[in-house]
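Undergrad: For reference, the structure I am asking about is given below.
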Amino acid sequence: MKPPQINPYLIVTLCMIFPLIVNAQYHESEHNNLPDGVIAVSGPGSYGNPGSTYMLTNDITSDRSTLFLGKDVTLDLNGYTLTYADGKYEHIPNYGFEEGLKGWDVSNAPGAKIENTKEIHEFIGEKILRLKAGDEIASAYINLPVAGRSYYAMCGLTGHYYQDLGGDMANDMRVSVYVDDEAGKEMRCTTNYGDTTMLSCPVENRSARLGGGFVIAHLNNLPAGKYRIRVKAGNDCLVDQIDIRPAMDVGIGIIEETHPMGHNDHLYNRNHSAFFDYTGDVSTGTPVPGIPEVKGVGTVTIKNGVIKNGSRAVLSWGIQSTAGDVRIILDNLKFITSGINTVAVDVPHATIINCRFEVQSPFIINRHGSEFYAVDLRGLEASEVSFSEFYGGQGCLVFKGKHSIIHHNHFVNRQTVTNHYSIMAMGDSSMVFENRFEPEIGSGLEIFRHKHIEIFNNLFRIKAAPPSCEYHEHYSTNAIRVADYGAELGSPRGCFGNRIYNNKFYISGKKFEQYPEYIPMAAAFFFSTSAGENYIFGNQIYIEQEDPETDAEAYAFYIGNSRGGQLFNNRIISNVTPIWVACGYGSATGTLISENQIIRSPTTVTDFQPVRMGWIERRDCLAKDIEFRSNDFEGLDFGIDATAQHHSYSVYWTMAINVTDKKGKEVSGAKVVILNKNGEEVLSKWTNDNGSISVELPEYKVDDKSITYLSPYTILVNKKKKEVSVNRNQELSIIVK
């Protein structure tokens, strides 16, 4: 069954309007004089007069958040730079232990030991600190220069690998985080949040979730002065990036209501945080007096300049909005930001064009959320993002609005945490087209539990990655992943009706010799859906495994924990086995793999089968009712490298029969009868006006160790009889009187 017919006029129109140009469109703007009626902005503050246009007359900066806007306004940065969190904030010396234990008091930590991350556990940088249960370390003092604001005292934790936890997540690494003032007094901050009042500092006996992260203590309403951080190990653990940083600043804010969350537990419960330090009433989310309260439908336009984070902070945003009905229009902006959980744009919905995002984010607090990408469009209204560049971030863009359009962008992801793709596509019935995905490290696009998304005319260049904080035995980078974690057929939490076509994929596999026990995998498609059909067709896929004689892996199709799926009319050039059905991720049921062209690459140095089936290390990785139909092979024959497990599949080929007379004239209306190996009639049909028919015939069917052959076939045309082995697509000529 093929998907519903594509509307070719829509695609042609879109591609004519938006030709494939994805070079940088952001450009530096000249400083212009203020036109009549435009309001000058020369410093931080609130600017909310509806219908007004505001224009910067100089660079502006703030040691906290910088500007707050009302709705139906335009802010022209006029080629200047707006800087937030620019308060000469200090860092804990040697917070990443790259200089060993320099600057740290470890007199109460007899088990403290510096380790190499590459040898022990990947995280951030080259070094990491091992602590034993009960060990306590203390930093040097640093100056917190701004009083009465939020800071986070933070401690990074790698966590244990899943295999080492014995199935009990309670066994993961745990720490307590304390802060002392200059007199050595322990700070205790009791904080009113939007949902409750909690002790926010210290935080005790907390862990990061699987895959590593941070434990944070929220400091607020403290006087300026000198402070230090202490970390106590609740059990044996690996810690890193221990620091005190400014938190929860924005460059530009648009507030309908504040979201006064920010405790360690809020971030692990995925509660949205916004404008904590600018909340007047935590119970209602009302901002402090003087800041515009934005209500109702409207727009805010921001253009022509640079928005910059002035510090390597934690939990910060270049632009943040909680105004759900206000469309944010961003045009010709450059964002520069760095830190943990640093975000350039966090708004409900937006139109973004000609922007550049430079985001340095080495890790995030809780990797299990889909937040904290470079740009987070979190509302359900449609967004459009076009002609923009994304460099860095733990993922580049997440959008949730239905009918969104993402086109003509360049994504250069720097993903070190699991499942933070260049794009997280969460808006049903959206389109992603004419983009370039070229991550420095990490993956391309994921559709997780969403529907009717079209991905077409994109370019993907994906390469295998070294081990991550979460995976050190196997780890995959993927151009596109479609997944719904085994959802039931038709489930609203399913992933179905998605169509992925006319894309180009360049997949590079390699072995990392410094990690001999590690198996890296790179794939064009990680296919793991079961709630309904998804369609992958018309793509060009190039697989180049740099080290084909090692256990490193590279695939066009990596199929597991799935049901259904139609993968057809794709062109695959590979120097290794390109298809794995019932892979290490689980069983595959009812997948159709048809009419694909599979070509042995000229760079091939070892023989390979085009299909791998099953995984001997897991008994439940079974292929069930898989259909291989009319695929073409060039430079190799069809074959399956299958495990000795209970697989079931069938193999079909297309036969074209041309009937002519002795003079070579096509014979229309000739009756063609085809009998299978058992003499059973499988076709009785008359040739068309061109004297031909085409039929797809099964060669054999496999059910565990039972193989049923249906070939060879007998072809009867008039009095002519011909026996044919069907083991490839072929064209047959029959001459009749």
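Residues are referred to by chain and number: the chain letter is A, B, ... according to the order shown in the structure tokens, the number counts from 1 in that chain, and ligands are numbered separately from 1 in the order shown.
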Please extract the residues of stretch 1-169 of chain A with a backbone DSSP assignment of alpha helix (DSSP H) and present them as a PDB file with N, CA, C and O atoms, in the first residue's frame.

TA:
```pdb
ATOM      1  N   PRO A   8       1.854  17.548  -5.927  1.00  0.00           N
ATOM      2  CA  PRO A   8       3.093  18.039  -6.541  1.00  0.00           C
ATOM      3  C   PRO A   8       3.083  19.540  -6.745  1.00  0.00           C
ATOM      4  O   PRO A   8       4.119  20.189  -6.744  1.00  0.00           O
ATOM      5  N   TYR A   9       1.921  20.123  -6.901  1.00  0.00           N
ATOM      6  CA  TYR A   9       1.849  21.563  -7.129  1.00  0.00           C
ATOM      7  C   TYR A   9       2.282  22.334  -5.885  1.00  0.00           C
ATOM      8  O   TYR A   9       2.936  23.375  -5.967  1.00  0.00           O
ATOM      9  N   LEU A  10       1.911  21.802  -4.706  1.00  0.00           N
ATOM     10  CA  LEU A  10       2.323  22.451  -3.466  1.00  0.00           C
ATOM     11  C   LEU A  10       3.839  22.428  -3.329  1.00  0.00           C
ATOM     12  O   LEU A  10       4.467  23.444  -3.022  1.00  0.00           O
ATOM     13  N   ILE A  11       4.439  21.252  -3.585  1.00  0.00           N
ATOM     14  CA  ILE A  11       5.890  21.129  -3.436  1.00  0.00           C
ATOM     15  C   ILE A  11       6.618  22.022  -4.431  1.00  0.00           C
ATOM     16  O   ILE A  11       7.546  22.747  -4.092  1.00  0.00           O
ATOM     17  N   VAL A  12       6.189  21.982  -5.694  1.00  0.00           N
ATOM     18  CA  VAL A  12       6.832  22.803  -6.721  1.00  0.00           C
ATOM     19  C   VAL A  12       6.714  24.275  -6.368  1.00  0.00           C
ATOM     20  O   VAL A  12       7.664  25.052  -6.478  1.00  0.00           O
ATOM     21  N   THR A  13       5.540  24.690  -5.910  1.00  0.00           N
ATOM     22  CA  THR A  13       5.337  26.093  -5.554  1.00  0.00           C
ATOM     23  C   THR A  13       6.258  26.510  -4.418  1.00  0.00           C
ATOM     24  O   THR A  13       6.913  27.561  -4.470  1.00  0.00           O
ATOM     25  N   LEU A  14       6.330  25.683  -3.378  1.00  0.00           N
ATOM     26  CA  LEU A  14       7.186  26.004  -2.241  1.00  0.00           C
ATOM     27  C   LEU A  14       8.647  26.122  -2.656  1.00  0.00           C
ATOM     28  O   LEU A  14       9.357  27.032  -2.242  1.00  0.00           O
ATOM     29  N   CYS A  15       9.088  25.187  -3.486  1.00  0.00           N
ATOM     30  CA  CYS A  15      10.501  25.179  -3.862  1.00  0.00           C
ATOM     31  C   CYS A  15      10.835  26.284  -4.860  1.00  0.00           C
ATOM     32  O   CYS A  15      11.978  26.722  -4.947  1.00  0.00           O
ATOM     33  N   MET A  16       9.839  26.752  -5.617  1.00  0.00           N
ATOM     34  CA  MET A  16      10.070  27.904  -6.487  1.00  0.00           C
ATOM     35  C   MET A  16      10.148  29.184  -5.667  1.00  0.00           C
ATOM     36  O   MET A  16      10.968  30.063  -5.914  1.00  0.00           O
ATOM     37  N   ILE A  17       9.278  29.286  -4.668  1.00  0.00           N
ATOM     38  CA  ILE A  17       9.288  30.482  -3.827  1.00  0.00           C
ATOM     39  C   ILE A  17      10.547  30.531  -2.980  1.00  0.00           C
ATOM     40  O   ILE A  17      11.156  31.583  -2.781  1.00  0.00           O
ATOM     41  N   THR A 117      38.404  11.647  31.997  1.00  0.00           N
ATOM     42  CA  THR A 117      37.052  11.313  31.538  1.00  0.00           C
ATOM     43  C   THR A 117      37.067  10.230  30.465  1.00  0.00           C
ATOM     44  O   THR A 117      36.208   9.346  30.455  1.00  0.00           O
ATOM     45  N   LYS A 118      38.018  10.278  29.564  1.00  0.00           N
ATOM     46  CA  LYS A 118      38.036   9.311  28.474  1.00  0.00           C
ATOM     47  C   LYS A 118      38.295   7.890  28.974  1.00  0.00           C
ATOM     48  O   LYS A 118      37.921   6.923  28.325  1.00  0.00           O
ATOM     49  N   GLU A 119      38.936   7.764  30.118  1.00  0.00           N
ATOM     50  CA  GLU A 119      39.222   6.446  30.670  1.00  0.00           C
ATOM     51  C   GLU A 119      38.136   5.966  31.632  1.00  0.00           C
ATOM     52  O   GLU A 119      37.931   4.763  31.796  1.00  0.00           O
ATOM     53  N   ILE A 120      37.436   6.907  32.270  1.00  0.00           N
ATOM     54  CA  ILE A 120      36.503   6.546  33.351  1.00  0.00           C
ATOM     55  C   ILE A 120      35.057   6.735  32.931  1.00  0.00           C
ATOM     56  O   ILE A 120      34.247   5.813  32.988  1.00  0.00           O
TER      57      ILE A 120
END
```

Undergrad: If we count only C-alpha atoms and set the cut-off at 9 Å, which residues sit around stretch 336-343 of chain A, ignoring sequence neighbours fewer than 5 positions away in its own chain? Please answer as a ChimeraX atom specification.

TA: /A:306-320,356-366,371-376,393-394

Undergrad: Would you save the residues from that selection as a compact mmCIF listing (two decimals), in the first residue's frame, using N, CA, C and O atoms?

TA:
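This went into out15.txt:
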```
# COMPACT_ATOMS: atom_id res chain seq x y z
N VAL A 306 22.42 42.37 17.78
CA VAL A 306 23.01 41.25 18.51
C VAL A 306 22.43 41.20 19.91
O VAL A 306 22.32 42.23 20.60
N ILE A 307 22.06 40.01 20.35
CA ILE A 307 21.61 39.76 21.72
C ILE A 307 22.61 38.80 22.34
O ILE A 307 22.78 37.68 21.85
N LYS A 308 23.24 39.22 23.41
CA LYS A 308 24.42 38.50 23.92
C LYS A 308 24.31 38.27 25.42
O LYS A 308 23.90 39.15 26.18
N ASN A 309 24.68 37.07 25.83
CA ASN A 309 24.81 36.73 27.24
C ASN A 309 26.17 37.22 27.72
O ASN A 309 27.20 36.83 27.17
N GLY A 310 26.17 38.03 28.77
CA GLY A 310 27.43 38.59 29.24
C GLY A 310 28.21 37.70 30.17
O GLY A 310 29.29 38.08 30.62
N SER A 311 27.70 36.52 30.49
CA SER A 311 28.40 35.61 31.39
C SER A 311 28.16 34.17 30.95
O SER A 311 27.24 33.89 30.18
N ARG A 312 28.99 33.27 31.44
CA ARG A 312 28.76 31.85 31.24
C ARG A 312 27.84 31.40 32.37
O ARG A 312 28.27 30.94 33.41
N ALA A 313 26.55 31.55 32.12
CA ALA A 313 25.57 31.46 33.20
C ALA A 313 24.94 30.07 33.26
O ALA A 313 25.47 29.09 32.71
N VAL A 314 23.79 29.99 33.93
CA VAL A 314 23.02 28.76 34.00
C VAL A 314 21.55 29.15 33.96
O VAL A 314 21.14 30.13 34.61
N LEU A 315 20.77 28.43 33.16
CA LEU A 315 19.34 28.67 33.01
C LEU A 315 19.07 30.12 32.62
O LEU A 315 18.58 30.93 33.40
N SER A 316 19.40 30.46 31.38
CA SER A 316 19.24 31.83 30.89
C SER A 316 18.65 31.80 29.48
O SER A 316 18.73 30.79 28.79
N TRP A 317 18.09 32.95 29.08
CA TRP A 317 17.40 33.05 27.79
C TRP A 317 17.73 34.38 27.12
O TRP A 317 17.70 35.43 27.76
N GLY A 318 17.99 34.34 25.83
CA GLY A 318 18.17 35.58 25.08
C GLY A 318 16.87 36.33 24.96
O GLY A 318 16.77 37.52 25.27
N ILE A 319 15.83 35.64 24.47
CA ILE A 319 14.47 36.19 24.42
C ILE A 319 13.56 35.15 25.04
O ILE A 319 13.63 33.97 24.70
N GLN A 320 12.70 35.60 25.96
CA GLN A 320 11.72 34.69 26.57
C GLN A 320 10.37 35.38 26.62
O GLN A 320 10.27 36.57 26.92
N ARG A 356 20.95 34.23 13.27
CA ARG A 356 22.11 33.37 13.53
C ARG A 356 22.16 33.10 15.04
O ARG A 356 22.09 34.04 15.84
N PHE A 357 22.33 31.81 15.38
CA PHE A 357 22.35 31.40 16.78
C PHE A 357 23.69 30.74 17.08
O PHE A 357 24.02 29.71 16.48
N GLU A 358 24.45 31.34 17.99
CA GLU A 358 25.74 30.77 18.41
C GLU A 358 25.60 30.41 19.89
O GLU A 358 25.56 31.29 20.75
N VAL A 359 25.50 29.13 20.16
CA VAL A 359 25.15 28.66 21.50
C VAL A 359 26.18 27.65 21.97
O VAL A 359 26.37 26.60 21.35
N GLN A 360 26.85 27.97 23.06
CA GLN A 360 27.80 27.04 23.68
C GLN A 360 27.16 26.47 24.93
O GLN A 360 27.01 27.16 25.93
N SER A 361 26.76 25.21 24.85
CA SER A 361 26.04 24.56 25.95
C SER A 361 26.63 23.17 26.16
O SER A 361 26.20 22.21 25.52
N PRO A 362 27.61 23.02 27.04
CA PRO A 362 28.30 21.74 27.16
C PRO A 362 27.46 20.62 27.76
O PRO A 362 27.77 19.45 27.57
N PHE A 363 26.38 20.97 28.48
CA PHE A 363 25.52 19.95 29.07
C PHE A 363 24.26 20.65 29.57
O PHE A 363 24.15 21.88 29.51
N ILE A 364 23.27 19.87 30.02
CA ILE A 364 22.08 20.45 30.61
C ILE A 364 21.75 19.75 31.92
O ILE A 364 22.26 18.66 32.21
N ILE A 365 20.90 20.40 32.71
CA ILE A 365 20.59 19.90 34.05
C ILE A 365 19.86 18.57 33.98
O ILE A 365 20.23 17.60 34.64
N ASN A 366 18.80 18.53 33.17
CA ASN A 366 18.00 17.30 33.04
C ASN A 366 17.82 17.00 31.56
O ASN A 366 16.98 17.61 30.90
N GLU A 371 13.23 20.33 26.37
CA GLU A 371 13.47 21.75 26.43
C GLU A 371 14.97 22.05 26.33
O GLU A 371 15.79 21.15 26.23
N PHE A 372 15.27 23.32 26.36
CA PHE A 372 16.64 23.79 26.44
C PHE A 372 17.44 23.49 25.19
O PHE A 372 18.64 23.23 25.23
N TYR A 373 16.74 23.48 24.06
CA TYR A 373 17.42 23.58 22.76
C TYR A 373 17.84 25.04 22.57
O TYR A 373 17.47 25.93 23.35
N ALA A 374 18.59 25.31 21.51
CA ALA A 374 18.95 26.70 21.23
C ALA A 374 17.70 27.56 21.07
O ALA A 374 17.62 28.67 21.59
N VAL A 375 16.71 27.03 20.36
CA VAL A 375 15.43 27.71 20.18
C VAL A 375 14.32 26.75 20.57
O VAL A 375 14.23 25.65 20.03
N ASP A 376 13.46 27.17 21.50
CA ASP A 376 12.35 26.35 22.00
C ASP A 376 11.05 27.08 21.69
O ASP A 376 10.73 28.09 22.32
N GLY A 393 24.71 24.22 20.81
CA GLY A 393 23.52 23.93 21.60
C GLY A 393 23.34 22.44 21.80
O GLY A 393 23.88 21.62 21.05
N GLN A 394 22.60 22.09 22.83
CA GLN A 394 22.18 20.70 23.01
C GLN A 394 20.86 20.54 22.25
O GLN A 394 19.78 20.56 22.79
```

Undergrad: Write out as CSV a residue-level contact list of stretch 582-690 of chain A versus stretch 574-577 of chain A with cut-off 8 Å: for each qualifying residue the closest pair of atoms and the distance in Å to one decimal, counting only C-alpha atoms, rows sorted by chain and residue number upward.

TA:
```
residue,atom,partner,partner_atom,distance
A:Ile598,CA,A:Ser574,CA,7.7
A:Ile599,CA,A:Ser574,CA,6.4
A:Arg600,CA,A:Ser574,CA,5.5
A:Ser601,CA,A:Asn575,CA,4.9
A:Pro602,CA,A:Asn575,CA,7.5
A:Thr603,CA,A:Asn575,CA,6.2
A:Thr604,CA,A:Asn575,CA,4.5
A:Val605,CA,A:Asn575,CA,7.5
A:Thr606,CA,A:Val576,CA,7.9
A:Asp607,CA,A:Val576,CA,7.9
A:Phe608,CA,A:Thr577,CA,5.7
A:Gln609,CA,A:Thr577,CA,5.7
A:Pro610,CA,A:Thr577,CA,4.8
A:Val611,CA,A:Thr577,CA,6.0
A:Arg612,CA,A:Thr577,CA,6.9
```

Undergrad: Give me a file of those residues, with N, CA, C and O atoms, as an mmCIF file, in the first residue's frame.

TA:
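The file below, selection_11.cif, is the result:
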```
data_model
loop_
_atom_site.group_PDB
_atom_site.id
_atom_site.type_symbol
_atom_site.label_atom_id
_atom_site.label_comp_id
_atom_site.auth_asym_id
_atom_site.auth_seq_id
_atom_site.Cartn_x
_atom_site.Cartn_y
_atom_site.Cartn_z
ATOM 1 N N ILE A 598 19.674 -0.906 -4.299
ATOM 2 C CA ILE A 598 20.785 -1.065 -3.363
ATOM 3 C C ILE A 598 22.040 -1.372 -4.166
ATOM 4 O O ILE A 598 22.104 -2.369 -4.893
ATOM 5 N N ILE A 599 23.030 -0.491 -4.026
ATOM 6 C CA ILE A 599 24.222 -0.531 -4.876
ATOM 7 C C ILE A 599 25.453 -0.733 -4.004
ATOM 8 O O ILE A 599 25.637 -0.044 -2.987
ATOM 9 N N ARG A 600 26.259 -1.674 -4.414
ATOM 10 C CA ARG A 600 27.545 -1.891 -3.740
ATOM 11 C C ARG A 600 28.479 -0.737 -4.089
ATOM 12 O O ARG A 600 28.729 -0.441 -5.254
ATOM 13 N N SER A 601 28.994 -0.063 -3.077
ATOM 14 C CA SER A 601 29.846 1.097 -3.291
ATOM 15 C C SER A 601 31.174 0.696 -3.926
ATOM 16 O O SER A 601 31.718 -0.378 -3.634
ATOM 17 N N PRO A 602 31.734 1.541 -4.783
ATOM 18 C CA PRO A 602 33.064 1.262 -5.349
ATOM 19 C C PRO A 602 34.154 1.169 -4.291
ATOM 20 O O PRO A 602 35.214 0.604 -4.544
ATOM 21 N N THR A 603 33.917 1.724 -3.108
ATOM 22 C CA THR A 603 34.943 1.689 -2.058
ATOM 23 C C THR A 603 34.894 0.413 -1.229
ATOM 24 O O THR A 603 35.663 0.267 -0.282
ATOM 25 N N THR A 604 33.999 -0.511 -1.567
ATOM 26 C CA THR A 604 33.827 -1.722 -0.766
ATOM 27 C C THR A 604 35.095 -2.574 -0.773
ATOM 28 O O THR A 604 35.670 -2.832 -1.829
ATOM 29 N N VAL A 605 35.517 -3.022 0.417
ATOM 30 C CA VAL A 605 36.703 -3.876 0.522
ATOM 31 C C VAL A 605 36.357 -5.253 1.049
ATOM 32 O O VAL A 605 37.174 -6.170 0.972
ATOM 33 N N THR A 606 35.168 -5.434 1.621
ATOM 34 C CA THR A 606 34.758 -6.746 2.119
ATOM 35 C C THR A 606 33.377 -7.080 1.574
ATOM 36 O O THR A 606 32.557 -6.199 1.328
ATOM 37 N N ASP A 607 33.105 -8.362 1.396
ATOM 38 C CA ASP A 607 31.783 -8.779 0.940
ATOM 39 C C ASP A 607 30.764 -8.587 2.062
ATOM 40 O O ASP A 607 31.094 -8.666 3.246
ATOM 41 N N PHE A 608 29.531 -8.345 1.678
ATOM 42 C CA PHE A 608 28.483 -8.187 2.682
ATOM 43 C C PHE A 608 27.140 -8.555 2.096
ATOM 44 O O PHE A 608 26.933 -8.506 0.885
ATOM 45 N N GLN A 609 26.243 -8.952 2.961
ATOM 46 C CA GLN A 609 24.861 -9.174 2.588
ATOM 47 C C GLN A 609 24.108 -7.847 2.698
ATOM 48 O O GLN A 609 24.410 -7.027 3.566
ATOM 49 N N PRO A 610 23.123 -7.622 1.861
ATOM 50 C CA PRO A 610 22.400 -6.344 1.944
ATOM 51 C C PRO A 610 21.509 -6.208 3.168
ATOM 52 O O PRO A 610 21.145 -5.099 3.547
ATOM 53 N N VAL A 611 21.147 -7.339 3.808
ATOM 54 C CA VAL A 611 20.220 -7.287 4.939
ATOM 55 C C VAL A 611 20.787 -8.082 6.104
ATOM 56 O O VAL A 611 21.281 -9.200 5.932
ATOM 57 N N ARG A 612 20.693 -7.489 7.286
ATOM 58 C CA ARG A 612 20.985 -8.180 8.536
ATOM 59 C C ARG A 612 19.659 -8.357 9.268
ATOM 60 O O ARG A 612 18.811 -7.457 9.245
#
```
